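> First, the structure itself, so that you have it in front of you.
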4 protein chains.
Amino acid sequence: MSEAVTNSGYLKRKVYWWLERPDRAATGPWLLEIALIVLITLNVAAVILETVDSIYTRWGLALNLFEGFSLFVFVVEYAARLWVATENPSYKTRAAWAVSPIAIIDLLAILPALLYLFFPVDLRLLRTFRMLRLLKLTRYSPALGMLLAVFEEEAGAFFAGFFILMVMLIFAASGAWLAEHEAQPEAFGSIPAAMWWAMATLTTVGYGDVTPVTVAGKIFGAAITVIGIGMAALPAGIIASGLNDQLHRRRASLEREFRKALEDGDICDADEAVIEAVRKQLGLSRRAADHIRNRVHAETMSQADHCPTCGQTVQKGKP
Amino acid sequence: MSEAVTNSGYLKRKVYWWLERPDRAATGPWLLEIALIVLITLNVAAVILETVDSIYTRWGLALNLFEGFSLFVFVVEYAARLWVATENPSYKTRAAWAVSPIAIIDLLAILPALLYLFFPVDLRLLRTFRMLRLLKLTRYSPALGMLLAVFEEEAGAFFAGFFILMVMLIFAASGAWLAEHEAQPEAFGSIPAAMWWAMATLTTVGYGDVTPVTVAGKIFGAAITVIGIGMAALPAGIIASGLNDQLHRRRASLEREFRKALEDGDICDADEAVIEAVRKQLGLSRRAADHIRNRVHAETMSQADHCPTCGQTVQKGKP
Amino acid sequence: MSEAVTNSGYLKRKVYWWLERPDRAATGPWLLEIALIVLITLNVAAVILETVDSIYTRWGLALNLFEGFSLFVFVVEYAARLWVATENPSYKTRAAWAVSPIAIIDLLAILPALLYLFFPVDLRLLRTFRMLRLLKLTRYSPALGMLLAVFEEEAGAFFAGFFILMVMLIFAASGAWLAEHEAQPEAFGSIPAAMWWAMATLTTVGYGDVTPVTVAGKIFGAAITVIGIGMAALPAGIIASGLNDQLHRRRASLEREFRKALEDGDICDADEAVIEAVRKQLGLSRRAADHIRNRVHAETMSQADHCPTCGQTVQKGKP
Amino acid sequence: MSEAVTNSGYLKRKVYWWLERPDRAATGPWLLEIALIVLITLNVAAVILETVDSIYTRWGLALNLFEGFSLFVFVVEYAARLWVATENPSYKTRAAWAVSPIAIIDLLAILPALLYLFFPVDLRLLRTFRMLRLLKLTRYSPALGMLLAVFEEEAGAFFAGFFILMVMLIFAASGAWLAEHEAQPEAFGSIPAAMWWAMATLTTVGYGDVTPVTVAGKIFGAAITVIGIGMAALPAGIIASGLNDQLHRRRASLEREFRKALEDGDICDADEAVIEAVRKQLGLSRRAADHIRNRVHAETMSQADHCPTCGQTVQKGKP
């Protein structure tokens with residue numbers, strides 16, 4: 001019995017190693033990761049192609065078989081990840097893993113299709129839900145983490161920008177409705193109708209299916225559009241500012257690691273491994289890391305000789 | 001008599017506490033705030049829906065009753081805010097509050113509807129004025145303050161950008177008029193007419209209702225559009241640069257608070273409350289604050305041991 | 001004779017003072033400036049309105065008289081500025097002023113109309129040249145100087161961005177021509193023709209007058225458009241980065257002024273005047289200047305007590 | 001024999017000097033560079049014009065002769081560059097040069113046309129390949145290097161942004177297909193068909209050839225478009241942040257050069273030449289370099305007197 005427990009423990013650690021790849025250099029888990037990425041991509045492609053009638057008529061059976069196979073793989077994957085969650089130092093309990101965002105995505109990727117086995121649901125709606133499998137890919141991109149962190153951190157600014165956009169949308173639609181509702185009762189007959197034009201204009205999409213025709217409408221439309229380019233530019237500004245900020249902070253973190261590693265005089269191999277892991281986790285490029293390393297090195301060198309600001313001779317080691 | 005004054009004073013402080021929520025943790029005022037936000041939102045939704053004929057025919061009475069109720073609430077709110085303005089350390093007198101931007105918005109939200117009770121005005125115009133109630137929401141977003149500060153601070157740059165855009169608009173319209181006014185006398189018959197095309201092009205909206213058709217017009221249009229992408233990008237650049245700047249300054253302010261709090265060795269609860277208040281007022285995220293706190297801590301720690309630049313041993317407390 | 005020279009010298013200094021306003025607080029020159037700005041604006045408005053047939057038919061005479069009056073004022077202004085150029089420390093000789101960009105703009109604003117008095121030229125072309133008077137306004141905006149400095153400084157980056165855009169335009173047009181020239185011989189019959197679509201697409205204007213219709217054309221068009229959003233974003237990125245940079249440098253300059261003024265212990269009124277002049281010349285906002293002043297003050301204060309990094313007591317005045 | 005080797009060596013150095021211009025001030029190589037740039041530009045113009053039937057009918061022979069001449073020049077240029085590659089310290093061997101990106105571009109510029117001499121290939125495809133000659137121009141722009149470095153460095157962020165865009169594209173197309181496929185079976189009959197609309201909308205191109213017509217489709221389309229402006233803004237944000245970063249790093253490099261040159265008290269002519277070469281290689285503007293020089297000078301000056309942080313007197317030369 002004890003042996004079975006040990007075996008199960010060994011198997012669990014093995015499965016954990018295959019699925020979560022704590023040792024980033026291993027080939028096996030890397031191949032499994034590639035295989036899963038390909039499967040997810042093919043899956044989404046299959047859902048997209050299914051909606052083309054001519055393809056579905058011809059390849060419907062193959063696509064359904066592929067869906068069955070994928071569902072099986074994803075269910076097994078979910079079960080395995082749930083089982084080994086106790087090995088993961090970030091979660092510890094299975095319940096903790098199950099409510100994490102990435103686990104919810106994994107569940108949403110299989111639940112609708114599983115439900116369909118028991119209840120008849122609308123096939124088109126099911127297809128849309130199967131699209132959610134695409135989100136499983138988020139697990140594999142480190143730089144995505146930085147972008148999502150920007151969105152999270154700047155949520156307040158985005159919300160404020162969204163509020164400004166909403167105010168402008170409503171005023172633009174009201175003004176266009178006032179100016180155009182007699183000339184074009186179809187497109188500008190009510191404020192909700194005029195909002196379609198206002199949305200297309202303020203986001204600079206500009207379909208052109210509806211445009212003001214009266215002089216008053218054109219003058220108002222032109223004025224609001226010119227003011228509106230500032231609006232459409234807001235997200236770019238927020239993202240640029242936020243990304244800049246994230247990069248600074250993350251680089252400061254990496255710099256701290258370098259300084260810590262250099263305190264005992266040199267960067268040993270163990271230090272290198274730690275720094276490399278931190279670099280990857282922070283989603284920083286290798287070149288950025290090299291730049292930080294060079295700067296820290298140069299500063300430490302000159303500190304060994306003399307303080308860069310006072311110019312006083314300082315003996316390293318005895319501060 | 002004195003008792004009545006005291007009662008009135010007590011009531012005023014109470015109303016002030018409910019309306020302005022100086023103690024941010026209280027539940028009652030928070031619920032009132034939510035209720036007002038919902039009422040404002042529903043109000044704007046009502047004005048929008050009223051313009052849809054089929055809805056107005058059916059729900060006109062209900063919408064009018066709701067408008068009456070909202071007007072009553074907003075009038076009471078305005079009167080109450082005016083009454084308690086003397087409690088607010090930022091204004092002190094009622095007149096000072098009444099001319100503040102947010103008070104003027106509050107007044108504009110009720111005045112047109114009040115006037116309508118006495119004078120017959122155009123109903124459509126009245127509706128557009130009722131839209132101004134949307135601006136009452138500005139009171140509730142701290143991040144909006146940062147964005148508006150960027151617009152205010154960079155007003156000079158925005159104005160210069162607007163001037164460049166105007167110059168380009170006028171030259172684009174003149175050029176297109178020269179090239180196209182014979183081929184398309186309807187759309188390009190005069191410079192003001194050609195401006196509609198120029199505006200849609202330079203803001204990259206591109207409705208497509210009017211486009212150049214002659215070879216000269218297309219070449220000129222293409223050239224001005226390619227140059228124009230720099231134009232449409234100007235606001236994004238200004239906002240990104242301004243936001244970055246605001247963030248730096250606000251973080252520097254918060255850092256000063258942390259340093260001040262750390263001068264006596266530790267951050268006590270009173271310090272924490274002050275810092276939290278400053279953080280909220282500055283519209284900075286909790287994470288940004290934590291990052292600043294960590295950096296200040298780390299610097300103070302290393303200062304305790306030795307100066308980070310000279311490397312000389314320094315005893316903290318006796319500088 | 002000597003008296004006449006002195007009188008002429010006095011008159012010249014007076015005219016210089018009225019036109020160039022070295023003493024920024026004077027009311028008279030300020031009113032003249034406003035009058036000139038209004039005249040320039042009205043002039044451009046007149047040219048725009050002249051192209052509307054109905055207006056020209058009715059108000060043609062008034063517009064022509066106004067043009068005559070404006071031309072007279074601008075000629076007098078040019079002559080006066082040329083005459084007083086010797087008073088201006090930046091130019092010294094009249095020839096130096098006459099070849100400066102702003103003087104060339106002033107000349108271009110009058111030359112075509114003057115030539116027209118002697119040679120019959122195309123009236124429509126003349127109007128377009130009269131538009132150049134708009135550029136006379138550049139003299140009056142300090143923030144515009146900062147924007148133009150960004151364009152000048154980042155000229156290399158803009159040129160590189162323009163080159164990338166050109167390469168993409170040509171490849172997009174070639175690909176679309178390959179895919180579509182059989183299906184739509186009108187719009188995609190040659191690469192130059194396909195460039196109209198490519199331009200409208202890559203700048204995200206998207207008129208929609210020409211769009212790919214074949215499957216290959218749509219797939220290629222979609223791919224190039226998605227890649228192209230990075231392109232259209234390039235100028236925004238360059239401007240944001242350049243503005244940021246300009247602001248940093250200009251603030252560093254202003255900071256140096258503050259530090260210089262503080263070296264003798266306090267900022268006297270003369271220092272204030274110098275700093276204010278530098279601030280205006282740099283196009284920085286008053287608030288930004290106050291922020292710099294506070295920081296410099298705080299640093300100088302704490303330096304008086306002890307070095308902020310070492311913590312050693314330092315006596316101000318005897319470093 | 002030895003003399004022939006020496007002659008060949010001399011010739012090789014001479015050709016290397018003409019082609020690669022290590023001495024940037026020489027006039028001869030500069031003229032050759034200009035001539036090659038003009039030839040490349042004319043070549044691309046020729047390919048573009050060839051696709052216009054009326055021009056090809058009339059000038060076909062001249063264009064073919066010009067193509068023959070250009071091909072000859074480019075083949076000679078490629079052979080010469082390959083021959084002198086051993087002189088170039090960056091490559092040393094000919095194989096190393098031949099696999100460098102710029103050499104591959106040079107090869108692609110001649111290979112298709114050379115192949116055409118022996119095998120009959122599709123003339124239209126050949127033209128598209130001849131367009132690749134445009135890429136030969138990348139050799140001549142230093143600022144382009146900085147932009148490409150930004151793309152390379154931020155590849156992770158761009159890829160993440162591209163992934164987010166793909167997810168949004170697929171969800172937008174799925175939603176529009178659900179809402180519109182009954183009303184518009186032509187344009188929204190399948191998800192791939194709906195992607196054309198989704199692409200045009202999310203990139204804010206907005207052709208308007210296909211737009212939602214149902215109420216559900218319009219509401220969904222408006223919502224996804226408003227969310228999407230953040231998307232289209234992502235590249236701008238990434239580029240702005242990356243460019244900023246590149247500039248900082250490059251300036252830090254140049255600053256290091258200035259400090260190194262100043263260590264022995266003054267910047268001699270040899271130092272100036274090194275700094276100028278580094279500045280050009282980094283693609284920094286002369287003004288930016290001057291700004292760095294001034295700052296470094298000012299710091300070194302004040303260091304000579306006293307440490308800017310401690311305020312202690314420090315004698316320069318004996319740190």
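Ligands are numbered from 1 in the order shown, residues from 1 within each chain, and chains are lettered A, B, ... in the order they appear in the structure tokens.
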Near chain B, which residues of chain A fall within 6 Å when you count only C-alpha atoms, and what do they look like as a list in words?
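Using only C-alpha atoms, chain A residues at most 6 Å from chain B: Gly156, Ala157, Ala160, Ser190, Ile191, Thr204, Val205, Gly206, Tyr207, Gly208, Gly230, Ala233, Gly237, Ser241, Cys307 and Pro319 of chain A.
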> Store the residues picked out above in a file with C-alpha atoms, as a PDB file, in the first residue's frame.

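After the write, part-v9.pdb holds the following:
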ATOM      1  CA  GLY A 156      -8.160  53.116 -13.797  1.00  0.00           C
ATOM      2  CA  ALA A 157      -6.788  55.176 -16.677  1.00  0.00           C
ATOM      3  CA  ALA A 160     -11.410  56.982 -17.322  1.00  0.00           C
ATOM      4  CA  SER A 190     -33.066  58.547 -32.870  1.00  0.00           C
ATOM      5  CA  ILE A 191     -30.003  58.932 -30.666  1.00  0.00           C
ATOM      6  CA  THR A 204     -11.838  56.516 -36.878  1.00  0.00           C
ATOM      7  CA  VAL A 205     -13.218  53.333 -38.450  1.00  0.00           C
ATOM      8  CA  GLY A 206     -15.404  55.429 -40.756  1.00  0.00           C
ATOM      9  CA  TYR A 207     -17.425  52.809 -42.627  1.00  0.00           C
ATOM     10  CA  GLY A 208     -19.175  55.472 -44.650  1.00  0.00           C
ATOM     11  CA  GLY A 230      -7.375  62.882 -29.269  1.00  0.00           C
ATOM     12  CA  ALA A 233      -5.263  58.268 -29.271  1.00  0.00           C
ATOM     13  CA  GLY A 237      -0.936  57.009 -24.837  1.00  0.00           C
ATOM     14  CA  SER A 241       3.094  55.166 -20.715  1.00  0.00           C
ATOM     15  CA  CYS A 307      33.083  56.791  -5.371  1.00  0.00           C
ATOM     16  CA  PRO A 319      32.846  49.823   3.067  1.00  0.00           C
TER      17      PRO A 319
END
> Of the candidates D:Leu71, D:Val167, D:Gln281, D:Leu111, which shows the shortest atom-to-atom distance to Lys136 of chain A, using only C-alpha atoms?
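Closest residue, counting only C-alpha atoms: D:Val167.
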> I'd like the interatomic distance between atom CA of Pro29 of chain C and atom CA of Ser90 of chain C, to a tenth of an Å.
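It comes out at 19.4 Å.
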> Figure out the distance between atom CA of Glu154 of chain C and atom CA of Gln246 of chain C, please, to one decimal in Å.
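Atom-to-atom, atom CA of Gln246 of chain C and atom CA of Glu154 of chain C are spaced 10.5 Å apart.
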> Would you mind writing down, as a ChimeraX atom specification, each residue of segment 93-147 of chain D that DSSP on the backbone assigns to helix (DSSP H, G or I)?
/D:94-98,101-108,111-118,123-140,142-147
> Write out as a VMD selection string each polymer residue whose atoms come within 8 Å of Asn43 of chain C, counting only C-alpha atoms; drop sequence neighbours fewer than 3 positions from it.
chain C and resid 39 to 40 46 to 47 67 70 133
> Do you know which residues are at most 9 Å from segment 7-20 of chain A counting only C-alpha atoms, after dropping those on the same chain fewer than 4 positions away, and could you put them as a PyMOL selection string?
chain A and resi 2-3+28-30+32-33+77+80-81+83-85+87-88
> Could you tell me how far atom CA of Val73 of chain B lies from atom CA of Gly175 of chain A, in Å and to one decimal?
26.6 Å
